[in-house]
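**Student:** The structure follows.
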Amino acid sequence: MLAVAIIIGIVGIGALGIVGRRRQTELSSWTVGKRDLPRWTSWFLQAGESLTTFSFLGLAGIAFGGGVAALFAVAYLTINCIVQYFVIPRQRELGANRGYLTMADFFKDRFNSKALGKTVALVGAVFLIPYLQLQITGLGLIVQLATGSESARGYSMAVASVLVVVFVIWAGIRGLAKVAVFKDFAMLAALVIVLAGVVAGIGGIPDIFAKVMDTAPSYLTISRPGFDGTFWVTSVIVTSIGAGLNTFPHLWPPVLAAKSGAVLRDNVKWLAVYQFLLLIPITAGIAATLVLDPKTKSNFVLLGIAQHTLPEPLIAIIAIGGAAAAMVPAGAIAMGISSLVSNNLLSVKNPKLRFRINHVVVAIAVGLALAFGLAKSDIGALLLLTYGGLTQLAPAVAIAIGRKVRIGAVAVNLGIIVGTLTVAVITFGNIPTGGVDSGLISLAPNLAVLAVAELIRRRRNPQPAADGADNVDDSVPGQHAVAGHSAVEGHSTVGAEA
């Protein structure tokens, strides 16, 4: 019965994204709507990235192994909000005035380079796949742990994946926003139930930490093996850089679709406070060290402690909340990947064909993530791979958000390529880094190559790096078209290739 209730809940989540929404028929409206999303709609879309499967399962697992080192997530997300307060309104302004649909449009336009736009689209799509896999994997684990059924895990992952494809293709960003509202309330309820179960089953919060101090005080210091000060500091730095400068392609549609920069600023002011909800899974993970087998896998910790302290009906609510926490980010990530591929990576001029290709890519991306997810992966590792790779776009974003772009596209392109290849080599070659995040290490060759290439360019040609970006007044709507899209009345329409 528990498995049936959870599957019904998952189906209901998917149905929310379709009911009452018209089918979208063009890429611009599907991706960013009319660029007029009001404050609360934008809030839930932005908050959707704050509480995800990683928050639900991954953080509890890190706390179970590393104790208070898991607080790195609270630190970087709060820093992220401070940086985004200044960055994303500027990105939204450029997007509205210049007709961007994707992050790659921003790079192509600001550096006046189609090649750079394609590189960013490829890097963005490739490094989002692990993050999409993380969401699908997490959903399956939640159902498996709640029901005790391996088959329920596979079925739930397949059902959720199909539903994500359907509601994303049908309604685009507005359907995603509708599901995001339910997701945040469901996640809040789930986390409160988990906290109540921990308190009722193990003891009050002060008692829990007192017991941990008596039995294993290292959990209350940043000194656990693999989770020491080096891990904490470098993880906070690299994730703050990447998230703060908004290098994640799937987070651009909510920014570009917002009604104004003021709406985005209001949201991030409160999102910094919202991060304190992450203290609940961290507390649960630390409390789990008192009652769970030390050999428990990190992904199993949160549901393990819930099953230890809560009755079955409440487990179902937690599982449905966790499923929503997977499906909303999965939908956003699938949108991010598909729009990059159809709008930037492939050179398709026919708008109807481009939109059909976009839908096909949504299905392929989710299908790949499902296939990889069924093979089972560590959730924390998947998150760090995505962050490390996409953070390599951060130097280019920092260069491009100014009024004038003074660095050449070739230098930026080479830096991104070298940085992402370094992340891949370190990750898949299992090269030891002494606890230093691979994304932070990879920024060094990224910046070195960028600097050398730019120095060579300036010696050969002292002219401005990107004439298109330098000579156009980016504050005037409609003065510049990008990637075949012209800015008209605040939103993009498909036009001729620039």
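Following the order of the structure tokens, chains are lettered A, B, ..., residues in each are numbered from 1, and ligands are numbered from 1.
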Can you list, as a VMD selection string, every protein, DNA or RNA residue that comes within 6 Å of segment 397-411 of chain A when you count only C-alpha atoms, leaving out same-chain residues fewer than 2 positions away?

**Tutor:** chain A and resid 110 to 111 394 to 395 413 to 414 450 453 to 454 465 470

**Student:** What would the file look like if the residues just selected were written as a PDB file, in the first residue's frame with N, CA, C and O atoms?

**Tutor:**
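File out_27.pdb, as written:
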ATOM      1  N   ARG A 110      27.809  38.538 -25.983  1.00  0.00           N
ATOM      2  CA  ARG A 110      28.756  39.411 -25.295  1.00  0.00           C
ATOM      3  C   ARG A 110      30.165  39.321 -25.856  1.00  0.00           C
ATOM      4  O   ARG A 110      30.901  40.303 -25.877  1.00  0.00           O
ATOM      5  N   PHE A 111      30.556  38.116 -26.317  1.00  0.00           N
ATOM      6  CA  PHE A 111      31.891  37.948 -26.896  1.00  0.00           C
ATOM      7  C   PHE A 111      31.868  37.947 -28.419  1.00  0.00           C
ATOM      8  O   PHE A 111      32.904  37.757 -29.051  1.00  0.00           O
ATOM      9  N   ALA A 394      32.740  30.440 -14.911  1.00  0.00           N
ATOM     10  CA  ALA A 394      32.640  31.617 -14.050  1.00  0.00           C
ATOM     11  C   ALA A 394      33.535  32.781 -14.493  1.00  0.00           C
ATOM     12  O   ALA A 394      33.075  33.939 -14.506  1.00  0.00           O
ATOM     13  N   PRO A 395      34.812  32.562 -14.838  1.00  0.00           N
ATOM     14  CA  PRO A 395      35.622  33.714 -15.274  1.00  0.00           C
ATOM     15  C   PRO A 395      35.002  34.443 -16.468  1.00  0.00           C
ATOM     16  O   PRO A 395      35.019  35.676 -16.516  1.00  0.00           O
ATOM     17  N   ASN A 413      37.363  30.945 -24.656  1.00  0.00           N
ATOM     18  CA  ASN A 413      37.009  29.605 -25.139  1.00  0.00           C
ATOM     19  C   ASN A 413      38.070  28.590 -24.749  1.00  0.00           C
ATOM     20  O   ASN A 413      37.762  27.500 -24.229  1.00  0.00           O
ATOM     21  N   LEU A 414      39.338  28.935 -24.970  1.00  0.00           N
ATOM     22  CA  LEU A 414      40.425  28.013 -24.618  1.00  0.00           C
ATOM     23  C   LEU A 414      40.468  27.754 -23.120  1.00  0.00           C
ATOM     24  O   LEU A 414      40.691  26.621 -22.671  1.00  0.00           O
ATOM     25  N   LEU A 450      43.671  31.306 -20.323  1.00  0.00           N
ATOM     26  CA  LEU A 450      42.951  32.521 -20.719  1.00  0.00           C
ATOM     27  C   LEU A 450      43.902  33.717 -20.762  1.00  0.00           C
ATOM     28  O   LEU A 450      43.911  34.501 -21.728  1.00  0.00           O
ATOM     29  N   ALA A 453      46.576  33.386 -23.677  1.00  0.00           N
ATOM     30  CA  ALA A 453      45.944  33.567 -24.984  1.00  0.00           C
ATOM     31  C   ALA A 453      45.542  35.019 -25.208  1.00  0.00           C
ATOM     32  O   ALA A 453      45.683  35.556 -26.319  1.00  0.00           O
ATOM     33  N   GLU A 454      45.058  35.677 -24.171  1.00  0.00           N
ATOM     34  CA  GLU A 454      44.670  37.083 -24.309  1.00  0.00           C
ATOM     35  C   GLU A 454      45.890  37.980 -24.506  1.00  0.00           C
ATOM     36  O   GLU A 454      45.854  38.949 -25.276  1.00  0.00           O
ATOM     37  N   ALA A 465      38.324  43.729 -27.972  1.00  0.00           N
ATOM     38  CA  ALA A 465      38.161  42.286 -28.123  1.00  0.00           C
ATOM     39  C   ALA A 465      36.877  41.906 -28.817  1.00  0.00           C
ATOM     40  O   ALA A 465      36.846  41.015 -29.653  1.00  0.00           O
ATOM     41  N   ASP A 470      31.065  45.892 -27.413  1.00  0.00           N
ATOM     42  CA  ASP A 470      31.549  47.186 -26.954  1.00  0.00           C
ATOM     43  C   ASP A 470      30.760  48.356 -27.536  1.00  0.00           C
ATOM     44  O   ASP A 470      30.547  49.363 -26.879  1.00  0.00           O
TER      45      ASP A 470
END

**Student:** What lies within 12 Å of segment 292-294 of chain A using only C-alpha atoms, ignoring chain neighbours under 3 positions off, as JSON, numbers by chain?

**Tutor:** {"A": [61, 64, 65, 202, 216, 284, 285, 286, 287, 288, 289, 297, 298, 300, 301, 302, 303, 304, 305, 306, 307, 308, 309]}

**Student:** With C-alpha atoms retained, could you export that selection as a compact mmCIF listing (two decimals), in the first residue's frame?

**Tutor:**
# COMPACT_ATOMS: atom_id res chain seq x y z
CA GLY A 61 24.61 11.44 4.04
CA PHE A 64 26.43 11.06 8.67
CA GLY A 65 30.00 10.70 7.42
CA ILE A 202 16.07 10.14 19.83
CA ALA A 216 32.09 10.84 18.75
CA ALA A 284 19.09 14.25 11.02
CA GLY A 285 22.35 12.95 9.54
CA ILE A 286 24.28 13.71 12.72
CA ALA A 287 21.52 12.16 14.88
CA ALA A 288 21.63 9.04 12.68
CA THR A 289 25.15 8.32 13.93
CA LYS A 297 25.37 4.00 2.81
CA SER A 298 25.24 7.79 2.75
CA PHE A 300 20.20 5.79 2.78
CA VAL A 301 20.65 7.89 5.92
CA LEU A 302 17.68 10.28 5.88
CA LEU A 303 15.04 7.67 5.12
CA GLY A 304 16.78 5.28 7.49
CA ILE A 305 16.42 7.64 10.44
CA ALA A 306 12.83 8.41 9.41
CA GLN A 307 11.92 4.71 9.38
CA HIS A 308 13.57 4.32 12.76
CA THR A 309 11.39 7.01 14.35

**Student:** Record the distance separating atom CA of Val181 of chain A and atom CA of Ile318 of chain A, expressed in Å with one decimal.

**Tutor:**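 Atom CA of Ile318 of chain A lies 16.5 Å from atom CA of Val181 of chain A.
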
**Student:** Please identify all polymer residues within 8 Å of segment 42-51 of chain A, counting only C-alpha atoms, omitting same-chain residues fewer than 2 positions from it, and present them as number ranges by chain.

**Tutor:** A: 37-40, 53-56, 77, 176-177, 180-181, 183-184, 187, 251, 254-255, 258, 263-264, 267, 271, 275, 278, 325, 328-329

**Student:** I'd like the neighbourhood of Ala369 of chain A as a list in words, where a residue qualifies if any of its atoms comes within 6 Å (using only C-alpha atoms), though same-chain residues fewer than 3 positions away should be ignored.

**Tutor:**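 Listing them by chain and then by number gives Leu132, Gln133, Val366, Phe372 and Gly373 of chain A.
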
**Student:** Rounded to one decimal in Å, what is the spacing between atom CA of Leu57 of chain A and atom CA of Thr420 of chain A?

**Tutor:**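 Computing it gives 26.9 Å between the two atoms.
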
**Student:** Excluding Leu279 of chain A and its own-chain neighbours fewer than 2 positions away, which residues fall within 10 Å of it when counting only C-alpha atoms? Please give them as a PyMOL selection string.

**Tutor:** chain A and resi 55+59-60+68+70-71+73-74+191+195+275-277+281-285

**Student:** Nearest residue to Arg22 of chain A out of A:Arg153, A:Lys34, A:Arg174, A:Lys118, using only C-alpha atoms?

**Tutor:**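 Of A:Arg153, A:Lys34, A:Arg174, A:Lys118, the one nearest Arg22 of chain A, counting only C-alpha atoms, is A:Arg174.
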
**Student:** For segment 350-355 of chain A, work out the shell of residues within 8 Å, counting only C-alpha atoms and skipping chain neighbours fewer than 5 positions away, then give it as a PyMOL selection string.

**Tutor:** chain A and resi 25-27+342-343+494

**Student:** Out of segment 41-230 of chain A, which residues get alpha helix (DSSP H) from DSSP, as a ChimeraX atom specification?

**Tutor:** /A:41-47,53,59-66,72-98,103-110,114-147,150-202,205-215,229-230

**Student:** Pick out the closest residue to Thr391 of chain A from this set: A:Leu134, A:Leu141, A:Leu128, A:Leu370. Count only C-alpha atoms.

**Tutor:**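 Answer, going by the shortest atom-to-atom distance: A:Leu128.
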
**Student:** For atom CA of Ile142 of chain A and atom CA of Tyr155 of chain A, determine how far apart the two atoms are, in Å to one decimal place.

**Tutor:** 12.3 Å

**Student:** Please identify the strand (DSSP E) residues within segment 141-340 of chain A (assignment by DSSP from backbone atoms) and present them as a PDB file with N, CA, C and O atoms, in the first residue's frame.

**Tutor:**
ATOM      1  N   SER A 223      36.807  17.796  10.950  1.00  0.00           N
ATOM      2  CA  SER A 223      38.046  17.019  11.007  1.00  0.00           C
ATOM      3  C   SER A 223      37.855  15.560  10.620  1.00  0.00           C
ATOM      4  O   SER A 223      38.794  14.778  10.700  1.00  0.00           O
ATOM      5  N   ARG A 224      36.651  15.185  10.198  1.00  0.00           N
ATOM      6  CA  ARG A 224      36.408  13.792   9.828  1.00  0.00           C
ATOM      7  C   ARG A 224      37.201  13.432   8.565  1.00  0.00           C
ATOM      8  O   ARG A 224      37.447  14.288   7.710  1.00  0.00           O
ATOM      9  N   PHE A 227      36.451  14.893   5.104  1.00  0.00           N
ATOM     10  CA  PHE A 227      35.579  16.056   5.306  1.00  0.00           C
ATOM     11  C   PHE A 227      36.254  17.065   6.235  1.00  0.00           C
ATOM     12  O   PHE A 227      35.636  17.629   7.129  1.00  0.00           O
ATOM     13  N   ASP A 228      37.538  17.308   6.009  1.00  0.00           N
ATOM     14  CA  ASP A 228      38.300  18.196   6.880  1.00  0.00           C
ATOM     15  C   ASP A 228      38.176  19.648   6.431  1.00  0.00           C
ATOM     16  O   ASP A 228      37.363  19.985   5.564  1.00  0.00           O
TER      17      ASP A 228
END
